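Source file: structure14.csv (CSV, C-alpha atoms)
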```csv
chain,number,residue,atom,x,y,z
A,1078,LYS,CA,125.2,139.7,84.9
A,1079,GLN,CA,126.1,137.6,87.9
A,1080,GLU,CA,125.3,133.9,87.6
A,1081,VAL,CA,125.7,131.3,90.3
A,1082,THR,CA,126.1,127.6,89.6
A,1083,GLN,CA,126.1,124.7,92.0
A,1084,ILE,CA,127.5,121.2,91.3
A,1085,PRO,CA,126.5,118.5,91.7
A,1086,ALA,CA,122.7,119.0,91.5
A,1087,ALA,CA,122.1,116.0,93.7
A,1088,LEU,CA,124.3,113.7,95.8
A,1089,SER,CA,123.6,110.5,97.7
A,1090,VAL,CA,126.2,109.2,100.1
A,1091,PRO,CA,126.5,106.7,103.0
A,1092,GLU,CA,126.8,108.0,106.5
A,1093,GLY,CA,130.3,109.0,107.6
A,1094,GLU,CA,131.6,110.3,104.3
A,1095,ASN,CA,133.3,113.6,104.0
A,1096,LEU,CA,131.6,115.8,101.3
A,1097,VAL,CA,132.4,118.7,99.1
A,1098,LEU,CA,129.7,120.8,97.6
A,1099,ASN,CA,130.7,123.3,94.9
A,1100,CYS,CA,129.5,126.8,94.1
A,1101,SER,CA,130.8,129.0,91.3
A,1102,PHE,CA,130.0,132.6,90.3
A,1103,THR,CA,130.8,134.6,87.3
A,1104,ASP,CA,131.6,138.0,88.7
A,1105,SER,CA,134.1,138.4,91.5
A,1106,ALA,CA,132.8,141.8,92.6
A,1107,ILE,CA,130.9,140.6,95.7
A,1108,TYR,CA,130.4,141.7,99.3
A,1109,ASN,CA,130.1,138.2,100.6
A,1110,LEU,CA,128.9,134.7,100.0
A,1111,GLN,CA,126.4,132.8,102.1
A,1112,TRP,CA,125.6,129.1,102.4
A,1113,PHE,CA,122.1,128.0,103.3
A,1114,ARG,CA,120.4,124.8,104.1
A,1115,GLN,CA,116.8,124.1,103.2
A,1116,ASP,CA,114.8,121.2,104.6
A,1117,PRO,CA,111.7,120.0,102.7
A,1118,GLY,CA,108.8,122.4,103.2
A,1119,LYS,CA,110.9,124.6,105.4
A,1120,GLY,CA,112.7,127.9,105.1
A,1121,LEU,CA,116.3,128.7,104.6
A,1122,THR,CA,118.7,128.3,107.5
A,1123,SER,CA,121.9,130.3,107.2
A,1124,LEU,CA,125.0,128.1,107.7
A,1125,LEU,CA,128.0,130.2,107.0
A,1126,LEU,CA,128.7,133.8,105.8
A,1127,ILE,CA,132.1,134.5,104.2
A,1128,GLN,CA,133.0,138.1,103.6
A,1129,SER,CA,134.9,138.9,100.4
A,1130,SER,CA,138.1,139.6,102.4
A,1131,GLN,CA,137.9,136.1,104.1
A,1132,ARG,CA,139.2,132.8,102.8
A,1133,GLU,CA,137.1,130.5,104.9
A,1134,GLN,CA,134.7,130.1,107.7
A,1135,THR,CA,134.0,127.1,110.0
A,1136,SER,CA,131.0,126.0,112.1
A,1137,GLY,CA,131.1,122.6,113.7
A,1138,ARG,CA,131.5,120.0,111.0
A,1139,LEU,CA,131.1,122.6,108.2
A,1140,ASN,CA,133.8,124.5,106.5
A,1141,ALA,CA,133.3,126.9,103.7
A,1142,SER,CA,136.1,128.4,101.6
A,1143,LEU,CA,136.0,131.3,99.2
A,1144,ASP,CA,138.3,132.0,96.3
A,1145,LYS,CA,136.9,135.2,95.0
A,1146,SER,CA,139.4,135.7,92.2
A,1147,SER,CA,138.5,132.4,90.6
A,1148,GLY,CA,134.8,132.7,91.5
A,1149,ARG,CA,134.5,129.6,93.6
A,1150,SER,CA,133.4,128.5,97.0
A,1151,THR,CA,133.2,125.0,98.5
A,1152,LEU,CA,131.3,123.7,101.4
A,1153,TYR,CA,133.0,120.8,103.2
A,1154,ILE,CA,130.9,118.6,105.4
A,1155,ALA,CA,132.9,116.3,107.6
A,1156,ALA,CA,131.6,112.9,108.8
A,1157,SER,CA,128.2,113.3,107.2
A,1158,GLN,CA,125.1,112.2,109.1
A,1159,PRO,CA,121.5,111.4,107.9
A,1160,GLY,CA,120.4,114.6,109.6
A,1161,ASP,CA,122.5,116.5,107.1
A,1162,SER,CA,120.1,115.5,104.3
A,1163,ALA,CA,118.7,118.7,102.8
A,1164,THR,CA,119.2,121.0,99.9
A,1165,TYR,CA,122.2,123.3,100.2
A,1166,LEU,CA,122.2,126.7,98.5
A,1167,CYS,CA,124.9,129.2,98.0
A,1168,ALA,CA,124.2,132.9,97.3
A,1169,VAL,CA,126.4,135.9,96.6
A,1170,ARG,CA,125.8,139.5,97.3
A,1171,PRO,CA,127.2,141.6,94.5
A,1172,TYR,CA,128.7,145.0,95.0
A,1173,ASN,CA,126.4,148.0,94.4
A,1174,THR,CA,123.3,146.0,95.3
A,1175,ASP,CA,121.8,144.5,98.4
A,1176,LYS,CA,120.2,141.4,96.9
A,1177,LEU,CA,121.4,137.9,97.0
A,1178,ILE,CA,121.9,135.9,93.8
A,1179,PHE,CA,121.2,132.2,94.4
A,1180,GLY,CA,122.4,129.0,92.8
A,1181,THR,CA,119.9,126.2,92.1
A,1182,GLY,CA,121.2,124.1,95.0
A,1183,THR,CA,122.6,120.7,95.7
A,1184,ARG,CA,120.2,118.1,97.0
A,1185,LEU,CA,122.0,115.9,99.5
A,1186,GLN,CA,120.9,112.6,100.9
A,1187,VAL,CA,122.9,110.8,103.5
A,1188,PHE,CA,121.7,107.3,104.1
A,1189,PRO,CA,122.5,105.2,107.2
B,1199,GLU,CA,114.4,136.1,119.8
B,1200,ALA,CA,111.8,135.4,117.1
B,1201,GLY,CA,113.1,134.8,113.6
B,1202,VAL,CA,111.5,136.0,110.4
B,1203,THR,CA,107.9,134.9,110.4
B,1204,GLN,CA,105.7,134.5,107.3
B,1205,PHE,CA,101.9,134.0,107.0
B,1206,PRO,CA,100.2,132.0,105.7
B,1207,SER,CA,102.5,129.0,105.3
B,1208,HIS,CA,100.3,127.7,102.4
B,1209,SER,CA,97.7,129.3,100.2
B,1210,VAL,CA,95.7,127.9,97.4
B,1211,ILE,CA,93.7,130.3,95.3
B,1212,GLU,CA,91.9,130.4,91.9
B,1213,LYS,CA,93.3,132.3,89.0
B,1214,GLY,CA,92.0,135.9,89.1
B,1215,GLN,CA,91.7,136.0,92.9
B,1216,THR,CA,93.8,138.2,95.2
B,1217,VAL,CA,96.2,136.9,97.8
B,1218,THR,CA,98.1,138.8,100.4
B,1219,LEU,CA,101.3,137.4,102.0
B,1220,ARG,CA,102.7,138.8,105.2
B,1221,CYS,CA,106.2,139.0,106.6
B,1222,ASP,CA,107.3,140.0,110.1
B,1223,PRO,CA,111.1,140.6,110.1
B,1224,ILE,CA,113.4,140.1,113.0
B,1225,SER,CA,112.9,143.0,115.5
B,1226,GLY,CA,115.3,145.8,114.8
B,1227,HIS,CA,116.1,144.8,111.3
B,1228,ASP,CA,115.6,147.8,109.0
B,1229,ASN,CA,116.2,145.8,105.8
B,1230,LEU,CA,113.4,143.5,104.5
B,1231,TYR,CA,113.5,141.5,101.3
B,1232,TRP,CA,111.1,139.4,99.3
B,1233,TYR,CA,112.3,136.5,97.1
B,1234,ARG,CA,110.5,133.9,95.1
B,1235,ARG,CA,111.2,130.4,93.9
B,1236,VAL,CA,109.0,129.1,91.0
B,1237,MET,CA,109.0,125.4,90.2
B,1238,GLY,CA,112.4,124.1,89.0
B,1239,LYS,CA,114.1,127.5,89.1
B,1240,GLU,CA,116.5,129.2,91.5
B,1241,ILE,CA,115.4,131.6,94.2
B,1242,LYS,CA,115.1,135.1,92.8
B,1243,PHE,CA,115.0,138.5,94.3
B,1244,LEU,CA,111.8,140.6,94.1
B,1245,LEU,CA,112.4,143.7,96.2
B,1246,HIS,CA,114.1,145.3,99.1
B,1247,PHE,CA,112.8,147.7,101.8
B,1248,VAL,CA,114.9,149.9,104.0
B,1249,LYS,CA,112.5,150.7,106.8
B,1250,GLU,CA,109.3,151.8,104.9
B,1251,SER,CA,111.0,152.8,101.7
B,1252,LYS,CA,111.5,150.7,98.6
B,1253,GLN,CA,115.2,150.6,98.0
B,1254,ASP,CA,115.1,148.2,95.0
B,1255,GLU,CA,112.1,146.7,93.3
B,1256,SER,CA,113.9,145.6,90.1
B,1257,GLY,CA,112.8,142.0,90.6
B,1258,MET,CA,109.1,142.6,90.8
B,1259,PRO,CA,107.7,140.7,87.8
B,1260,ASN,CA,104.8,143.0,86.8
B,1261,ASN,CA,102.3,145.5,88.2
B,1262,ARG,CA,100.1,142.7,89.6
B,1263,PHE,CA,102.5,142.6,92.5
B,1264,LEU,CA,102.3,145.2,95.2
B,1265,ALA,CA,104.5,145.3,98.3
B,1266,GLU,CA,104.1,147.6,101.2
B,1267,ARG,CA,105.8,148.1,104.5
B,1268,THR,CA,103.8,150.7,106.4
B,1269,GLY,CA,105.6,152.0,109.5
B,1270,GLY,CA,108.7,150.1,108.7
B,1271,THR,CA,107.7,147.0,110.6
B,1272,TYR,CA,106.0,144.1,108.9
B,1273,SER,CA,105.5,143.9,105.1
B,1274,THR,CA,102.8,142.6,102.8
B,1275,LEU,CA,103.0,141.3,99.3
B,1276,LYS,CA,99.7,141.4,97.4
B,1277,VAL,CA,99.2,139.6,94.1
B,1278,GLN,CA,96.1,140.9,92.2
B,1279,PRO,CA,94.9,139.2,90.1
B,1280,ALA,CA,96.8,136.0,90.5
B,1281,GLU,CA,97.9,134.0,87.5
B,1282,LEU,CA,99.0,130.4,87.2
B,1283,GLU,CA,102.6,131.3,86.7
B,1284,ASP,CA,102.6,133.1,90.1
B,1285,SER,CA,102.7,129.7,91.8
B,1286,GLY,CA,105.8,129.1,93.9
B,1287,VAL,CA,107.3,129.7,97.3
B,1288,TYR,CA,107.6,133.3,98.4
B,1289,PHE,CA,110.4,133.9,100.9
B,1290,CYS,CA,111.0,136.9,103.1
B,1291,ALA,CA,114.3,137.8,104.6
B,1292,SER,CA,115.7,140.5,106.9
B,1293,SER,CA,119.1,141.9,107.8
B,1294,GLN,CA,120.3,144.5,110.3
B,1295,GLU,CA,122.4,146.5,107.8
B,1296,VAL,CA,123.0,146.6,104.1
B,1297,GLY,CA,126.0,145.2,102.4
B,1298,ALA,CA,128.1,142.8,104.4
B,1299,THR,CA,125.6,141.5,106.9
B,1300,GLU,CA,123.9,138.1,107.2
B,1301,ALA,CA,120.4,137.7,105.8
B,1302,PHE,CA,117.9,135.6,107.8
B,1303,PHE,CA,115.0,134.0,106.0
B,1304,GLY,CA,111.5,133.0,107.0
B,1305,GLN,CA,110.0,129.6,106.3
B,1306,GLY,CA,108.3,130.8,103.1
B,1307,THR,CA,104.7,130.9,101.9
B,1308,ARG,CA,103.8,128.3,99.3
B,1309,LEU,CA,101.3,129.8,96.8
B,1310,THR,CA,99.4,127.6,94.5
B,1311,VAL,CA,97.2,129.3,91.8
B,1312,VAL,CA,94.7,126.9,90.2
```

Would you give me this structure, written as structure tokens?
Amino acid sequence: KQEVTQIPAALSVPEGENLVLNCSFTDSAIYNLQWFRQDPGKGLTSLLLIQSSQREQTSGRLNASLDKSSGRSTLYIAASQPGDSATYLCAVRPYNTDKLIFGTGTRLQVFP
Amino acid sequence: EAGVTQFPSHSVIEKGQTVTLRCDPISGHDNLYWYRRVMGKEIKFLLHFVKESKQDESGMPNNRFLAERTGGTYSTLKVQPAELEDSGVYFCASSQEVGATEAFFGQGTRLTVV
């Protein structure tokens, strides 16, 4: 059974810091891994999608890496800003299914 | 282009009542998914439609939940009768193809059963 874990559960940092959010999964048989952002009371915004054949994806200040064999992904946020404050979720799509398995998320607060 | 839209954004109902949630996927997306997050837990899959057909309903908690997608466009999720443990946020998502494509989520419906 696929399980997804995110560490840390919460993080509070001053503006300008570079951050690393971690996601681990127990079964490497996945199609892809997706990182989302959720603002309070809002839906999920897709940030990055990494296919199983890829090692990393970049979008602006965000960089996500994937090491499928070790069951790990990291989301790197460069030069954090208060507007980055949100909950960050990772989710994997296992082989032979079309559903996403979510982690519990990392709640990030960036203070000025 | 409009994203995934869900109605209502909030619903408060009494135990035993019926509630119907609606989801309008992104136009052209054949795949529609329902997920749920209950308090303190991770988001969990409920079911998956491909057009109007249920592809996977393994996550539906019990027979009080009924999902439909008539005509392969919008979908409804009805809870009848609602119980206290049904409270949570219900998310809908859509994707263009199965497998390797990106899933896009709606803003969710927060359901509170009192």

Please report as a list in words which residues of chain A come no farther than 8 Å from chain B, using only C-alpha atoms. Tyr1108, Asn1109, Gln1111, Gly1118, Lys1119, Gly1120, Leu1121, Thr1122, Ser1123, Leu1126, Gln1128, Arg1170, Tyr1172, Thr1174, Asp1175, Lys1176, Leu1177, Ile1178, Phe1179, Gly1180, Thr1181 and Gly1182 of chain A

For each of A:Ala1163, A:Ala1106, A:Leu1139, A:Ala1155, take the minimum atom-to-atom distance to Thr1183 of chain A, counting all atoms listed in the file, then give the residue where this is smallest.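 For Thr1183 of chain A, the nearest of the candidates is A:Ala1163.
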
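In this structure, atom CA of Thr1135 of chain A sits 20.6 Å away from atom CA of Ser1147 of chain A.
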
Ranking A:Leu1152, A:Leu1166, A:Val1187, A:Leu1096 by minimum distance to Gln1115 of chain A and counting only C-alpha atoms, which one comes first?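 Of the candidates, the smallest distance to Gln1115 of chain A is held by A:Leu1166.
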
Please measure the separation of atom CA of Phe1102 of chain A and atom CA of Val1081 of chain A, giving the value in Å to one decimal.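 Atom-to-atom, atom CA of Phe1102 of chain A to atom CA of Val1081 of chain A, that is 4.5 Å.
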
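Of note, atom CA of Ser1105 of chain A and atom CA of Lys1145 of chain A are spaced 5.5 Å apart.
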
Spatial neighbours of Pro1223 of chain B, 8 Å, only C-alpha atoms, chain gap at least 2 places, as a list in words: Gly1201, Val1202, Thr1203, Cys1221, Ser1225, His1227, Leu1230, Thr1271, Tyr1272, Cys1290, Ala1291 and Ser1292 of chain B

Excluding Arg1267 of chain B and any residue of its chain fewer than 6 positions from it, enumerate the residues within 10 Å of it, using all atoms listed in the file, and give them as a VMD selection string. chain B and resid 1220 to 1222 1230 1247 to 1252 1273 to 1275

My list of candidates is A:Ala1168, A:Ser1162, A:Gln1134, A:Asn1173. Which is closest to Asp1116 of chain A when distances are computed with only C-alpha atoms? A:Ser1162

Residues near Arg1138 of chain A, cut-off 10 Å, all atoms listed in the file, skip fewer than 3 positions along chain, as a list in words: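 Contacts, in chain order: Asn1095, Thr1135, Tyr1153, Ile1154, Ala1155, Ala1156 and Ser1157 of chain A.
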
Identify which of the residues A:Gly1160, A:Pro1117, A:Thr1151, A:Val1169 lies closest to Arg1132 of chain A, counting all atoms listed in the file when measuring atom-to-atom distances. A:Thr1151

Write out as a list in words the residues lying within 9 Å of Lys1078 of chain A, counting all atoms listed in the file and excluding same-chain residues fewer than 2 positions away. Glu1080, Thr1103 and Asp1104 of chain A

Just want the 10 Å neighbourhood of Ala1087 of chain A, counted on all atoms listed in the file, with same-chain residues fewer than 4 positions away dropped. Output as a JSON list (two decimals) with C-alpha atoms, keeping the file's coordinate frame.
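Contents of selection-v4.json, as written:
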```json
[["chain", "number", "residue", "atom", "x", "y", "z"],
["A", 1083, "GLN", "CA", 126.10, 124.70, 92.00],
["A", 1098, "LEU", "CA", 129.70, 120.80, 97.60],
["A", 1164, "THR", "CA", 119.20, 121.00, 99.90],
["A", 1165, "TYR", "CA", 122.20, 123.30, 100.20],
["A", 1182, "GLY", "CA", 121.20, 124.10, 95.00],
["A", 1183, "THR", "CA", 122.60, 120.70, 95.70],
["A", 1184, "ARG", "CA", 120.20, 118.10, 97.00],
["A", 1185, "LEU", "CA", 122.00, 115.90, 99.50],
["A", 1186, "GLN", "CA", 120.90, 112.60, 100.90]]
```
